[in-house]
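J.: Data file final.txt (compact mmCIF, C-alpha atoms and all ligand atoms) is appended below.
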# COMPACT_ATOMS: atom_id res chain seq x y z
CA MET A 1 26.29 9.29 6.98
CA ASP A 2 22.48 9.58 7.15
CA ARG A 3 21.32 8.38 10.58
CA ALA A 4 19.25 5.67 8.94
CA THR A 5 21.34 4.16 6.18
CA LEU A 6 20.14 0.79 5.00
CA ASP A 7 22.57 -2.03 4.39
CA LEU A 8 21.24 -2.94 0.97
CA ASP A 9 23.16 -6.21 0.81
CA PHE A 10 21.42 -7.26 4.02
CA VAL A 11 18.07 -6.18 2.57
CA ARG A 12 18.46 -7.74 -0.86
CA ARG A 13 19.61 -11.11 0.45
CA ARG A 14 16.12 -11.46 1.98
CA PHE A 15 14.46 -11.32 -1.46
CA PRO A 16 15.74 -14.24 -3.57
CA ALA A 17 14.17 -12.85 -6.77
CA LEU A 18 16.68 -9.98 -6.60
CA ALA A 19 19.50 -12.40 -7.35
CA GLY A 20 18.33 -12.55 -10.99
CA ARG A 21 18.92 -9.96 -13.72
CA GLN A 22 15.45 -8.44 -13.82
CA VAL A 23 15.16 -5.00 -12.25
CA PHE A 24 11.87 -4.63 -10.38
CA MET A 25 10.24 -1.22 -10.56
CA ASP A 26 6.58 -2.21 -10.62
CA ASN A 27 6.49 -2.65 -6.89
CA ALA A 28 3.24 -0.74 -6.41
CA GLY A 29 1.68 -3.45 -8.56
CA GLY A 30 3.12 -6.11 -6.30
CA SER A 31 6.34 -6.25 -4.31
CA LEU A 32 8.72 -9.17 -4.20
CA THR A 33 8.17 -11.74 -1.49
CA LEU A 34 10.53 -12.27 1.40
CA ALA A 35 12.22 -15.66 1.64
CA SER A 36 11.13 -15.81 5.28
CA VAL A 37 7.49 -15.39 4.24
CA ALA A 38 7.78 -18.21 1.70
CA ASP A 39 9.53 -20.41 4.29
CA ARG A 40 6.74 -19.88 6.78
CA ILE A 41 4.07 -20.74 4.18
CA HIS A 42 5.99 -23.89 3.26
CA ASP A 43 6.35 -24.87 6.89
CA TYR A 44 2.66 -24.26 7.65
CA LEU A 45 1.48 -26.32 4.68
CA LEU A 46 3.76 -29.23 5.48
CA SER A 47 3.26 -29.32 9.23
CA SER A 48 -0.10 -27.86 10.25
CA ASN A 49 -2.40 -27.64 7.25
CA VAL A 50 -5.43 -29.30 8.82
CA GLN A 51 -8.88 -27.88 9.48
CA LEU A 52 -8.94 -25.50 12.42
CA GLY A 53 -11.27 -25.79 15.38
CA ALA A 54 -10.98 -29.48 16.28
CA SER A 55 -9.67 -30.65 19.64
CA TYR A 56 -6.73 -32.82 18.43
CA ALA A 57 -3.23 -31.45 18.81
CA VAL A 58 -2.34 -30.44 15.25
CA SER A 59 -5.69 -28.69 14.73
CA ALA A 60 -5.16 -26.80 17.97
CA GLN A 61 -1.65 -25.87 16.80
CA ALA A 62 -3.04 -24.61 13.48
CA GLY A 63 -5.61 -22.51 15.33
CA ALA A 64 -2.94 -21.08 17.61
CA ARG A 65 -0.81 -20.19 14.58
CA TYR A 66 -3.69 -18.41 12.90
CA ALA A 67 -4.42 -16.46 16.08
CA GLU A 68 -0.76 -15.55 16.42
CA ALA A 69 -0.64 -14.41 12.78
CA ARG A 70 -3.65 -12.16 13.36
CA ARG A 71 -2.02 -10.71 16.47
CA ARG A 72 1.21 -10.01 14.58
CA LEU A 73 -0.62 -8.42 11.65
CA GLY A 74 -2.45 -6.24 14.16
CA GLU A 75 0.98 -5.06 15.32
CA LEU A 76 1.79 -4.05 11.75
CA VAL A 77 -0.87 -1.33 11.97
CA ASN A 78 -0.83 -0.89 15.78
CA ALA A 79 -4.39 -2.21 16.17
CA PRO A 80 -5.52 -2.12 19.81
CA SER A 81 -6.68 -5.78 19.65
CA PRO A 82 -6.61 -8.75 17.22
CA GLU A 83 -10.44 -8.80 17.06
CA GLU A 84 -10.20 -5.54 15.15
CA VAL A 85 -8.17 -7.20 12.39
CA VAL A 86 -10.16 -8.74 9.53
CA LEU A 87 -8.22 -11.01 7.16
CA GLY A 88 -9.27 -11.75 3.60
CA PRO A 89 -8.08 -12.43 0.07
CA SER A 90 -7.86 -8.85 -1.20
CA THR A 91 -8.43 -5.24 -0.24
CA THR A 92 -11.07 -4.95 -2.96
CA LEU A 93 -13.10 -7.77 -1.45
CA LEU A 94 -12.66 -6.59 2.15
CA LEU A 95 -13.85 -3.09 1.24
CA ARG A 96 -16.83 -4.57 -0.66
CA LEU A 97 -17.80 -6.56 2.43
CA LEU A 98 -17.33 -3.51 4.61
CA ALA A 99 -19.53 -1.32 2.40
CA GLN A 100 -22.18 -4.04 2.21
CA SER A 101 -22.20 -4.33 6.00
CA PHE A 102 -22.39 -0.59 6.38
CA ALA A 103 -25.43 -0.27 4.06
CA PRO A 104 -28.15 -1.33 6.56
CA SER A 105 -27.27 1.62 8.82
CA LEU A 106 -28.02 4.16 6.07
CA VAL A 107 -31.22 6.13 5.62
CA PRO A 108 -32.04 7.87 2.33
CA GLY A 109 -30.19 11.13 1.99
CA ASP A 110 -27.19 10.04 4.07
CA GLU A 111 -23.98 11.07 2.39
CA VAL A 112 -20.76 9.22 1.62
CA VAL A 113 -17.68 11.11 0.44
CA VAL A 114 -15.28 9.39 -1.97
CA SER A 115 -12.36 10.88 -3.89
CA ARG A 116 -11.74 10.89 -7.63
CA VAL A 117 -8.03 10.30 -7.09
CA ASP A 118 -8.13 6.82 -5.66
CA HIS A 119 -7.93 3.25 -6.83
CA GLU A 120 -11.45 2.06 -7.61
CA ALA A 121 -11.37 -0.41 -4.70
CA ASN A 122 -12.31 2.39 -2.27
CA ILE A 123 -14.78 4.11 -4.61
CA GLY A 124 -16.98 1.60 -6.42
CA CYS A 125 -18.02 -0.30 -3.29
CA TRP A 126 -19.33 2.96 -1.78
CA LEU A 127 -21.06 4.01 -4.99
CA ALA A 128 -23.01 0.78 -4.75
CA LEU A 129 -24.65 2.25 -1.62
CA GLU A 130 -26.68 4.58 -3.81
CA ALA A 131 -29.07 1.64 -4.03
CA ALA A 132 -29.56 2.00 -0.25
CA GLY A 133 -30.42 5.69 -0.69
CA ALA A 134 -26.94 7.11 -0.08
CA ARG A 135 -25.94 10.32 -1.79
CA ILE A 136 -22.37 10.13 -3.09
CA ARG A 137 -20.27 13.26 -2.92
CA PHE A 138 -17.01 13.37 -4.88
CA TRP A 139 -13.97 15.01 -3.31
CA GLU A 140 -12.28 16.62 -6.34
CA ARG A 141 -8.64 17.60 -6.67
CA ASP A 142 -7.67 21.17 -6.00
CA ALA A 143 -7.47 22.94 -9.37
CA ARG A 144 -4.26 24.75 -8.43
CA THR A 145 -2.17 21.93 -6.95
CA GLY A 146 -3.75 18.92 -8.66
CA GLU A 147 -3.85 17.20 -5.24
CA LEU A 148 -6.62 16.60 -2.73
CA ALA A 149 -6.93 19.62 -0.43
CA LEU A 150 -8.59 19.66 2.97
CA GLU A 151 -10.67 22.71 2.01
CA GLY A 152 -12.29 20.60 -0.71
CA LEU A 153 -13.29 18.03 1.89
CA GLU A 154 -14.51 20.62 4.37
CA ALA A 155 -16.89 21.99 1.75
CA LEU A 156 -18.50 18.54 1.41
CA LEU A 157 -18.88 17.63 5.08
CA GLY A 158 -22.15 18.25 6.87
CA PRO A 159 -24.71 16.73 9.24
CA ARG A 160 -25.71 14.08 6.66
CA THR A 161 -22.15 12.84 6.09
CA ARG A 162 -21.86 9.25 7.32
CA LEU A 163 -18.50 8.19 5.91
CA VAL A 164 -15.41 9.53 4.17
CA ALA A 165 -13.51 7.02 2.01
CA VAL A 166 -10.08 8.01 0.74
CA GLY A 167 -6.64 6.56 0.06
CA HIS A 168 -3.66 7.19 2.33
CA VAL A 169 -1.44 7.52 -0.73
CA SER A 170 -2.42 7.92 -4.37
CA ASN A 171 -1.11 4.97 -6.40
CA ILE A 172 -0.50 7.34 -9.34
CA LEU A 173 0.54 10.66 -7.80
CA GLY A 174 2.45 9.10 -4.90
CA SER A 175 1.20 11.85 -2.61
CA ILE A 176 0.62 11.13 1.05
CA HIS A 177 -2.76 12.41 2.21
CA PRO A 178 -3.13 14.02 5.66
CA VAL A 179 -5.14 11.17 7.13
CA ARG A 180 -5.18 12.42 10.73
CA ALA A 181 -6.59 15.78 9.61
CA ILE A 182 -9.12 14.04 7.36
CA ALA A 183 -10.25 11.81 10.25
CA ASP A 184 -10.55 14.78 12.62
CA ARG A 185 -12.72 16.68 10.19
CA ALA A 186 -14.92 13.68 9.43
CA HIS A 187 -15.34 12.84 13.11
CA ALA A 188 -16.25 16.44 13.89
CA VAL A 189 -19.46 15.95 11.86
CA GLY A 190 -20.03 12.42 13.22
CA ALA A 191 -18.84 10.59 10.10
CA LEU A 192 -16.60 7.50 9.94
CA VAL A 193 -13.38 7.24 7.95
CA CYS A 194 -12.30 4.38 5.69
CA ILE A 195 -8.73 4.54 4.43
CA ASP A 196 -7.28 2.49 1.58
CA GLY A 197 -3.72 2.15 2.85
CA VAL A 198 -2.52 -0.16 0.08
CA ALA A 199 -0.20 2.34 -1.63
CA HIS A 200 1.15 3.61 1.69
CA ALA A 201 1.83 0.43 3.63
CA PRO A 202 4.97 -0.72 1.72
CA HIS A 203 6.68 2.59 2.48
CA ARG A 204 5.87 3.86 5.95
CA ALA A 205 4.76 2.67 9.38
CA VAL A 206 0.99 2.54 9.86
CA ASP A 207 -0.46 3.48 13.22
CA VAL A 208 -4.24 3.33 13.06
CA GLN A 209 -4.53 4.72 16.59
CA ALA A 210 -2.37 7.76 15.88
CA LEU A 211 -4.20 8.28 12.59
CA GLY A 212 -7.55 8.09 14.40
CA VAL A 213 -9.18 6.07 11.60
CA ASP A 214 -12.17 3.74 11.79
CA PHE A 215 -11.27 1.42 8.91
CA TYR A 216 -7.89 0.89 7.25
CA ALA A 217 -7.17 -1.69 4.54
CA LEU A 218 -3.90 -2.92 3.04
CA SER A 219 -2.72 -5.71 0.74
CA LEU A 220 0.14 -7.84 2.01
CA TYR A 221 1.35 -8.78 -1.46
CA LYS A 222 2.54 -5.21 -1.83
CA VAL A 223 4.23 -5.26 1.59
CA TYR A 224 6.68 -8.08 0.82
CA GLY A 225 4.16 -10.80 1.70
CA PRO A 226 1.74 -13.13 -0.13
CA HIS A 227 -1.59 -12.46 -1.88
CA MET A 228 -3.87 -11.63 1.01
CA ALA A 229 -5.17 -8.47 2.65
CA MET A 230 -6.22 -7.10 6.00
CA LEU A 231 -8.71 -4.56 7.23
CA PHE A 232 -8.45 -2.80 10.57
CA ALA A 233 -11.97 -2.11 11.85
CA ARG A 234 -12.20 -0.08 15.05
CA ARG A 235 -14.19 -2.01 17.64
CA GLU A 236 -17.04 0.38 18.25
CA PRO A 237 -18.12 1.01 14.62
CA PHE A 238 -17.27 -2.62 13.81
CA LEU A 239 -19.83 -3.82 16.37
CA ARG A 240 -22.47 -1.67 14.68
CA LEU A 241 -21.89 -3.12 11.19
CA GLY A 242 -24.18 -5.69 9.63
CA VAL A 243 -23.09 -9.33 9.31
CA ALA A 244 -21.51 -10.64 6.09
CA ASN A 245 -21.52 -14.26 7.22
CA HIS A 246 -23.91 -17.12 8.11
CA PHE A 247 -27.12 -16.43 10.06
CA PHE A 248 -25.66 -17.76 13.29
CA TYR A 249 -23.02 -15.01 13.35
CA GLY A 250 -24.22 -12.02 15.33
CA PRO A 251 -23.14 -8.36 15.25
CA ALA A 252 -20.84 -8.94 18.23
CA ASP A 253 -18.93 -11.74 16.46
CA ILE A 254 -15.89 -9.75 15.42
CA PRO A 255 -13.88 -10.25 13.31
CA GLY A 256 -15.68 -13.38 12.04
CA LYS A 257 -18.79 -11.58 10.91
CA LEU A 258 -16.72 -10.05 8.10
CA GLU A 259 -14.79 -13.23 7.30
CA PRO A 260 -17.11 -15.60 5.42
CA GLY A 261 -15.60 -18.96 4.48
CA ASN A 262 -12.24 -20.45 5.28
CA ALA A 263 -9.22 -18.18 5.19
CA SER A 264 -5.80 -18.76 3.67
CA TYR A 265 -4.30 -19.78 6.98
CA GLU A 266 -0.92 -20.54 5.46
CA LEU A 267 -0.72 -17.09 3.89
CA ALA A 268 -1.66 -15.41 7.16
CA TRP A 269 1.04 -17.40 8.94
CA GLY A 270 3.47 -16.50 6.18
CA SER A 271 2.58 -12.80 6.36
CA ALA A 272 3.79 -12.54 9.92
CA GLY A 273 7.25 -13.00 8.38
CA VAL A 274 6.99 -9.40 7.18
CA LEU A 275 7.12 -8.24 10.79
CA ASP A 276 10.08 -10.52 11.52
CA TYR A 277 11.87 -8.92 8.58
CA LEU A 278 11.13 -5.36 9.70
CA GLU A 279 12.34 -6.18 13.20
CA ASP A 280 15.56 -7.78 11.91
CA LEU A 281 16.13 -4.82 9.65
CA GLY A 282 15.49 -2.34 12.45
CA ARG A 283 17.84 -4.19 14.81
CA GLN A 284 20.44 -4.09 12.09
CA VAL A 285 19.96 -0.33 11.61
CA LEU A 286 19.97 0.32 15.35
CA GLY A 287 22.89 -2.07 15.88
CA ALA A 288 25.00 -0.16 13.40
CA GLU A 289 24.02 3.01 15.19
CA SER A 290 24.68 1.74 18.71
CA THR A 291 28.11 0.48 17.61
CA ARG A 292 28.81 4.04 16.55
CA ASN A 293 27.40 5.48 19.80
CA GLY A 294 28.81 2.80 22.11
CA SER A 295 25.38 1.88 23.57
CA ASP A 296 24.16 -1.74 23.69
CA ALA A 297 20.59 -1.79 25.06
CA ALA A 298 18.43 -4.27 23.09
CA PRO A 299 15.67 -2.39 21.25
CA SER A 300 12.02 -3.49 21.56
CA ALA A 301 10.32 -5.10 18.57
CA ARG A 302 8.30 -1.94 18.07
CA ALA A 303 11.36 0.33 18.24
CA SER A 304 13.07 -1.96 15.74
CA ARG A 305 10.18 -1.77 13.30
CA GLU A 306 10.09 2.00 13.70
CA ALA A 307 13.83 2.23 12.94
CA ALA A 308 13.35 0.02 9.89
CA TRP A 309 10.58 2.25 8.52
CA GLN A 310 12.67 5.35 9.03
CA ALA A 311 15.60 3.84 7.20
CA ILE A 312 13.23 2.68 4.44
CA ALA A 313 11.85 6.23 4.06
CA ALA A 314 15.36 7.68 3.84
CA GLN A 315 16.42 5.15 1.19
CA GLU A 316 13.24 5.77 -0.79
CA GLU A 317 13.78 9.51 -0.73
CA ARG A 318 17.27 9.03 -2.19
CA LEU A 319 15.84 6.87 -4.98
CA ALA A 320 13.00 9.30 -5.70
CA GLU A 321 15.35 12.25 -5.85
CA ARG A 322 17.56 10.52 -8.43
CA LEU A 323 14.66 9.75 -10.75
CA LEU A 324 12.73 12.99 -10.20
CA ALA A 325 15.85 15.05 -10.90
CA PHE A 326 16.09 13.40 -14.32
CA LEU A 327 12.37 13.80 -15.05
CA ARG A 328 12.33 17.44 -13.91
CA GLU A 329 15.13 18.31 -16.31
CA ARG A 330 13.24 17.15 -19.39
CA SER A 331 10.96 19.69 -21.02
CA ASP A 332 9.13 16.94 -22.95
CA LEU A 333 7.87 15.23 -19.78
CA THR A 334 5.18 16.06 -17.25
CA ILE A 335 5.52 14.52 -13.83
CA VAL A 336 2.04 13.47 -12.72
CA GLY A 337 2.46 14.22 -9.03
CA ARG A 338 4.83 16.26 -6.90
CA PRO A 339 8.19 16.90 -8.57
CA GLU A 340 10.07 16.94 -5.23
CA PRO A 341 11.05 13.80 -3.29
CA ASP A 342 10.14 15.02 0.23
CA ARG A 343 9.52 11.85 2.24
CA ALA A 344 6.83 13.52 4.33
CA LEU A 345 4.77 14.37 1.27
CA ARG A 346 5.27 11.54 -1.21
CA VAL A 347 6.42 7.96 -1.69
CA PRO A 348 8.60 6.85 -4.64
CA THR A 349 5.63 5.84 -6.80
CA ILE A 350 6.46 8.16 -9.67
CA SER A 351 4.29 8.73 -12.75
CA PHE A 352 4.92 10.78 -15.85
CA VAL A 353 3.70 11.35 -19.40
CA HIS A 354 5.61 12.34 -22.50
CA ALA A 355 4.54 15.20 -24.77
CA ARG A 356 4.34 12.98 -27.87
CA LEU A 357 4.98 9.32 -27.12
CA PRO A 358 2.15 7.25 -25.67
CA SER A 359 3.01 5.72 -22.30
CA SER A 360 2.82 2.21 -23.75
CA ALA A 361 5.56 2.98 -26.30
CA ILE A 362 7.97 4.07 -23.60
CA VAL A 363 7.39 1.04 -21.39
CA GLU A 364 7.55 -1.41 -24.29
CA ALA A 365 10.86 0.08 -25.38
CA VAL A 366 12.26 -0.39 -21.87
CA ASP A 367 10.94 -3.96 -21.42
CA PRO A 368 13.58 -5.84 -23.46
CA HIS A 369 16.31 -4.36 -21.28
CA GLY A 370 15.20 -6.15 -18.17
CA VAL A 371 13.82 -3.18 -16.28
CA GLY A 372 10.22 -3.76 -15.21
CA ILE A 373 8.11 -0.62 -15.23
CA ARG A 374 4.51 -0.23 -16.32
CA PHE A 375 1.90 1.95 -18.02
CA GLY A 376 -1.85 2.30 -17.62
CA HIS A 377 -4.56 3.67 -15.35
CA PHE A 378 -3.72 1.37 -12.44
CA TYR A 379 -7.42 1.20 -11.54
CA ALA A 380 -7.35 4.90 -10.64
CA HIS A 381 -9.60 5.10 -13.66
CA ARG A 382 -11.41 8.30 -12.69
CA LEU A 383 -8.17 10.19 -12.05
CA ILE A 384 -6.78 9.17 -15.43
CA SER A 385 -10.09 10.26 -17.04
CA ASP A 386 -9.94 13.62 -15.26
CA LEU A 387 -6.38 14.08 -16.49
CA GLY A 388 -7.45 13.16 -20.03
CA LEU A 389 -4.80 10.45 -20.21
CA HIS A 390 -6.67 7.32 -21.29
CA ALA A 391 -5.93 8.16 -24.94
CA ARG A 392 -2.21 8.28 -24.06
CA ASP A 393 -2.40 4.79 -22.52
CA GLY A 394 -2.39 6.33 -19.07
CA VAL A 395 0.84 7.21 -17.32
CA VAL A 396 4.25 5.57 -17.18
CA ARG A 397 4.66 4.50 -13.56
CA VAL A 398 7.97 3.69 -11.92
CA SER A 399 7.26 2.40 -8.45
CA LEU A 400 10.32 1.99 -6.29
CA VAL A 401 10.74 0.48 -2.85
CA HIS A 402 13.60 0.34 -0.40
CA TYR A 403 15.30 -2.69 -1.97
CA ASN A 404 15.92 -0.82 -5.21
CA ARG A 405 19.44 0.50 -5.69
CA LEU A 406 20.46 3.89 -7.00
CA GLU A 407 22.37 2.02 -9.71
CA GLU A 408 19.08 0.51 -10.87
CA VAL A 409 17.53 3.97 -11.14
CA ASP A 410 20.60 5.07 -13.11
CA ARG A 411 20.14 2.11 -15.44
CA LEU A 412 16.52 3.13 -16.05
CA ILE A 413 17.57 6.73 -16.72
CA GLU A 414 20.21 5.51 -19.15
CA LEU A 415 17.50 3.64 -21.05
CA LEU A 416 14.86 6.36 -20.86
CA ALA A 417 17.04 9.19 -22.15
CA PRO A 418 17.38 7.90 -25.75
CA ILE A 419 13.87 6.37 -25.79
CA LEU A 420 12.30 9.71 -24.87
CA ASP A 421 14.39 11.37 -27.60
CA GLY A 422 12.94 8.89 -30.08
CA ARG A 423 16.30 7.15 -30.58
CA SER A 424 16.53 3.37 -30.53
CA VAL A 425 18.50 1.52 -27.88
CA ALA A 426 20.46 -1.57 -28.89
CA ARG A 427 18.68 -4.69 -27.64
CA PRO A 428 20.64 -6.71 -25.13
CA GLU A 429 21.91 -10.06 -26.38
CA THR A 430 20.46 -11.95 -23.44
CA GLN A 431 17.14 -11.36 -21.77
CA PRO A 432 16.93 -11.37 -17.98
C1 LIG B 1 -4.09 1.83 -3.93
C2 LIG B 1 -4.69 0.48 -4.14
N1 LIG B 1 -5.81 0.16 -3.50
C3 LIG B 1 -6.38 -1.03 -3.62
C4 LIG B 1 -5.83 -1.99 -4.43
C5 LIG B 1 -6.52 -3.31 -4.57
O1 LIG B 1 -5.87 -4.28 -3.80
P1 LIG B 1 -6.25 -5.80 -3.95
O2 LIG B 1 -5.57 -6.31 -5.18
O3 LIG B 1 -5.74 -6.45 -2.70
O4 LIG B 1 -7.73 -5.89 -4.06
C6 LIG B 1 -4.67 -1.71 -5.14
C7 LIG B 1 -4.07 -2.70 -6.03
O5 LIG B 1 -3.36 -2.39 -6.96
C8 LIG B 1 -4.07 -0.44 -4.98
O6 LIG B 1 -2.95 -0.10 -5.63
Could you write out this structure as structure tokens?
T.:
Amino acid sequence: MDRATLDLDFVRRRFPALAGRQVFMDNAGGSLTLASVADRIHDYLLSSNVQLGASYAVSAQAGARYAEARRRLGELVNAPSPEEVVLGPSTTLLLRLLAQSFAPSLVPGDEVVVSRVDHEANIGCWLALEAAGARIRFWERDARTGELALEGLEALLGPRTRLVAVGHVSNILGSIHPVRAIADRAHAVGALVCIDGVAHAPHRAVDVQALGVDFYALSLYKVYGPHMAMLFARREPFLRLGVANHFFYGPADIPGKLEPGNASYELAWGSAGVLDYLEDLGRQVLGAESTRNGSDAAPSARASREAAWQAIAAQEERLAERLLAFLRERSDLTIVGRPEPDRALRVPTISFVHARLPSSAIVEAVDPHGVGIRFGHFYAHRLISDLGLHARDGVVRVSLVHYNRLEEVDRLIELLAPILDGRSVARPETQP
């Protein structure tokens, strides 16, 4: 047995939506929410939903809960301190605020590197800095591999480079970018690094210290939580950013200077349930292992989370291999991304196009059978333009996560095979 085998019954019980008939394979769009997250939101709203900052007991309790949520979310990315964790409604908005606050430090001719592979959330906000005199340099894909290559970045970096913005994982290709190496190269020329971690965070542990990044954003609604997002901002560059809040906030007021207006306190409190889940899952994985090995030392919360992520990666690799093996075999399909499932190089966000059928036709033929996949550009608009795929309705994307079962992948394959051959599939009598 693989060292890190997930107990899928244990996992799936935590996501009540999985009890229904719908199969969920649009997880990169948004993952299902943990029951424990929903319970925490419910509890917060019914017991401590008052305005923070007053001296009476319930307000103090609400403030303490929000502080605790921020601390826990900092643990999710291994932030050195909670002040380096900015909370907000979405990654798109947090990156907009970040770029806006970065603008005053620019002088004309300063350069910002963005990629053409990424979701627009980490591109457009930096392009807006052209108004402040920034020169935008595009990191193009390597012509041979179709992926971002470090040599391409190296050719762009120089004494005027102020920031490199790139995704940790492409939400179309599924490829994992070498963030530590990117950060090292950027830092070597004195530039900062801003990583969009949204497509990575549901799949692997994030350690902003090990990655050596300055800014790292992720959306909790794709990591089994509610619709909110967080941005890690390393203290030293954070202190140098401008203020995106009222005049009485100063540059030293972190994280508040990047958090205008009231936050969704209940969602932040709920989000901490993601960490509880990872720790439970890790203890379960390690427990099964220690029973086998005869050891009984209680693992730390961090070791538990680490074990959970490893087991998640192993499960995801199994799922990816099953689907990629089918896609590789078909001469009428092109996999848009790496054809191999290697967990060190890709996540199970798998895109493909058919030689004749538009992507929309494939997805719409699958829909009535209760398997949720998706087509489109997924806001990686520039990548889909570069690939010439807008006219094909973008790619078909199947985005799996650890709670998917191999049987679900088999069900999708069973549906895809005739659809791709242009044969019709009998409609089910009942919809999910
Ligand atoms: C890779 C990536 N980055 C950023 C975003 C934007 O996240 P949000 O909806 O929180 O703004 C998405 C959302 O789909 C995404 O997939």
J.: Could you tell me how far CA of Asp43 (chain A) sits from CA of Ala307 (chain A), in Å to one decimal place?
T.: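 A separation of 28.8 Å between them.
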J.: Taking all atoms listed in the file into account, which residues have an atom no farther than 10 Å from ligand LIG 1 (chain B)? I'd like them as a tab-separated table (two decimals) with C-alpha atoms, keeping the file's coordinate frame.
T.:
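Produced file selection.tsv, reproduced below:
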chain	number	residue	atom	x	y	z
A	27	ASN	CA	6.49	-2.65	-6.89
A	28	ALA	CA	3.24	-0.74	-6.41
A	29	GLY	CA	1.68	-3.45	-8.56
A	30	GLY	CA	3.12	-6.11	-6.30
A	88	GLY	CA	-9.27	-11.75	3.60
A	89	PRO	CA	-8.08	-12.43	0.07
A	90	SER	CA	-7.86	-8.85	-1.20
A	91	THR	CA	-8.43	-5.24	-0.24
A	92	THR	CA	-11.07	-4.95	-2.96
A	93	LEU	CA	-13.10	-7.77	-1.45
A	94	LEU	CA	-12.66	-6.59	2.15
A	95	LEU	CA	-13.85	-3.09	1.24
A	96	ARG	CA	-16.83	-4.57	-0.66
A	117	VAL	CA	-8.03	10.30	-7.09
A	118	ASP	CA	-8.13	6.82	-5.66
A	119	HIS	CA	-7.93	3.25	-6.83
A	120	GLU	CA	-11.45	2.06	-7.61
A	121	ALA	CA	-11.37	-0.41	-4.70
A	122	ASN	CA	-12.31	2.39	-2.27
A	123	ILE	CA	-14.78	4.11	-4.61
A	166	VAL	CA	-10.08	8.01	0.74
A	167	GLY	CA	-6.64	6.56	0.06
A	168	HIS	CA	-3.66	7.19	2.33
A	169	VAL	CA	-1.44	7.52	-0.73
A	170	SER	CA	-2.42	7.92	-4.37
A	171	ASN	CA	-1.11	4.97	-6.40
A	172	ILE	CA	-0.50	7.34	-9.34
A	174	GLY	CA	2.45	9.10	-4.90
A	195	ILE	CA	-8.73	4.54	4.43
A	196	ASP	CA	-7.28	2.49	1.58
A	197	GLY	CA	-3.72	2.15	2.85
A	198	VAL	CA	-2.52	-0.16	0.08
A	199	ALA	CA	-0.20	2.34	-1.63
A	200	HIS	CA	1.15	3.61	1.69
A	201	ALA	CA	1.83	0.43	3.63
A	217	ALA	CA	-7.17	-1.69	4.54
A	218	LEU	CA	-3.90	-2.92	3.04
A	219	SER	CA	-2.72	-5.71	0.74
A	220	LEU	CA	0.14	-7.84	2.01
A	221	TYR	CA	1.35	-8.78	-1.46
A	222	LYS	CA	2.54	-5.21	-1.83
A	227	HIS	CA	-1.59	-12.46	-1.88
A	228	MET	CA	-3.87	-11.63	1.01
A	229	ALA	CA	-5.17	-8.47	2.65
A	230	MET	CA	-6.22	-7.10	6.00
A	378	PHE	CA	-3.72	1.37	-12.44
A	379	TYR	CA	-7.42	1.20	-11.54
A	380	ALA	CA	-7.35	4.90	-10.64
J.: Using 9 Å as the limit and counting all atoms listed in the file, can you tabulate each residue of region 169-237 of chain A that touches region 78-87 of chain A, with its shortest atom-to-atom distance in Å and the two atoms involved, as a Markdown table?
T.:
| residue | atom | partner | partner_atom | distance |
| --- | --- | --- | --- | --- |
| A:Val206 | CA | A:Asn78 | CA | 7.1 |
| A:Asp207 | CA | A:Asn78 | CA | 5.1 |
| A:Val208 | CA | A:Asn78 | CA | 6.1 |
| A:Gln209 | CA | A:Asn78 | CA | 6.8 |
| A:Ala210 | CA | A:Asn78 | CA | 8.8 |
| A:Met228 | CA | A:Leu87 | CA | 7.6 |
| A:Ala229 | CA | A:Leu87 | CA | 6.0 |
| A:Met230 | CA | A:Leu87 | CA | 4.5 |
| A:Leu231 | CA | A:Val86 | CA | 5.0 |
| A:Phe232 | CA | A:Val85 | CA | 4.8 |
| A:Ala233 | CA | A:Glu84 | CA | 5.1 |
| A:Arg234 | CA | A:Glu84 | CA | 5.8 |
| A:Arg235 | CA | A:Glu84 | CA | 5.9 |
J.: Could you take the residues named above and write them with C-alpha atoms, as a JSON list (two decimals), in the coordinates of the input?
T.:
[["chain", "number", "residue", "atom", "x", "y", "z"],
["A", 206, "VAL", "CA", 0.99, 2.54, 9.86],
["A", 207, "ASP", "CA", -0.46, 3.48, 13.22],
["A", 208, "VAL", "CA", -4.24, 3.33, 13.06],
["A", 209, "GLN", "CA", -4.53, 4.72, 16.59],
["A", 210, "ALA", "CA", -2.37, 7.76, 15.88],
["A", 228, "MET", "CA", -3.87, -11.63, 1.01],
["A", 229, "ALA", "CA", -5.17, -8.47, 2.65],
["A", 230, "MET", "CA", -6.22, -7.10, 6.00],
["A", 231, "LEU", "CA", -8.71, -4.56, 7.23],
["A", 232, "PHE", "CA", -8.45, -2.80, 10.57],
["A", 233, "ALA", "CA", -11.97, -2.11, 11.85],
["A", 234, "ARG", "CA", -12.20, -0.08, 15.05],
["A", 235, "ARG", "CA", -14.19, -2.01, 17.64]]
J.: Rounded to one decimal place, report the CA of Leu76 (chain A)-CA of Trp126 (chain A) distance in Å.
T.: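 It comes out at 26.0 Å.
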J.: I'd like the contact shell of Leu345 (chain A) - 10 Å cut-off, only C-alpha atoms, skipping same-chain residues fewer than 3 positions apart - returned as a ChimeraX atom specification.
T.: /A:169,174-178,338,340-342
J.: Env of His187 (chain A): 12 Å cut, atoms = all atoms listed in the file, seq-sep filter 5 positions within chain, self excluded. Answer as a ChimeraX atom specification.
T.: /A:154,157-159,161-164,179-182,192-194,212-214
J.: With distances taken over all atoms listed in the file, which of A:Ala131, A:Ala67, A:Ala149, A:Val285 is nearest to Ser115 (chain A)?
T.: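 Result for the nearest residue to Ser115 (chain A): A:Ala149.
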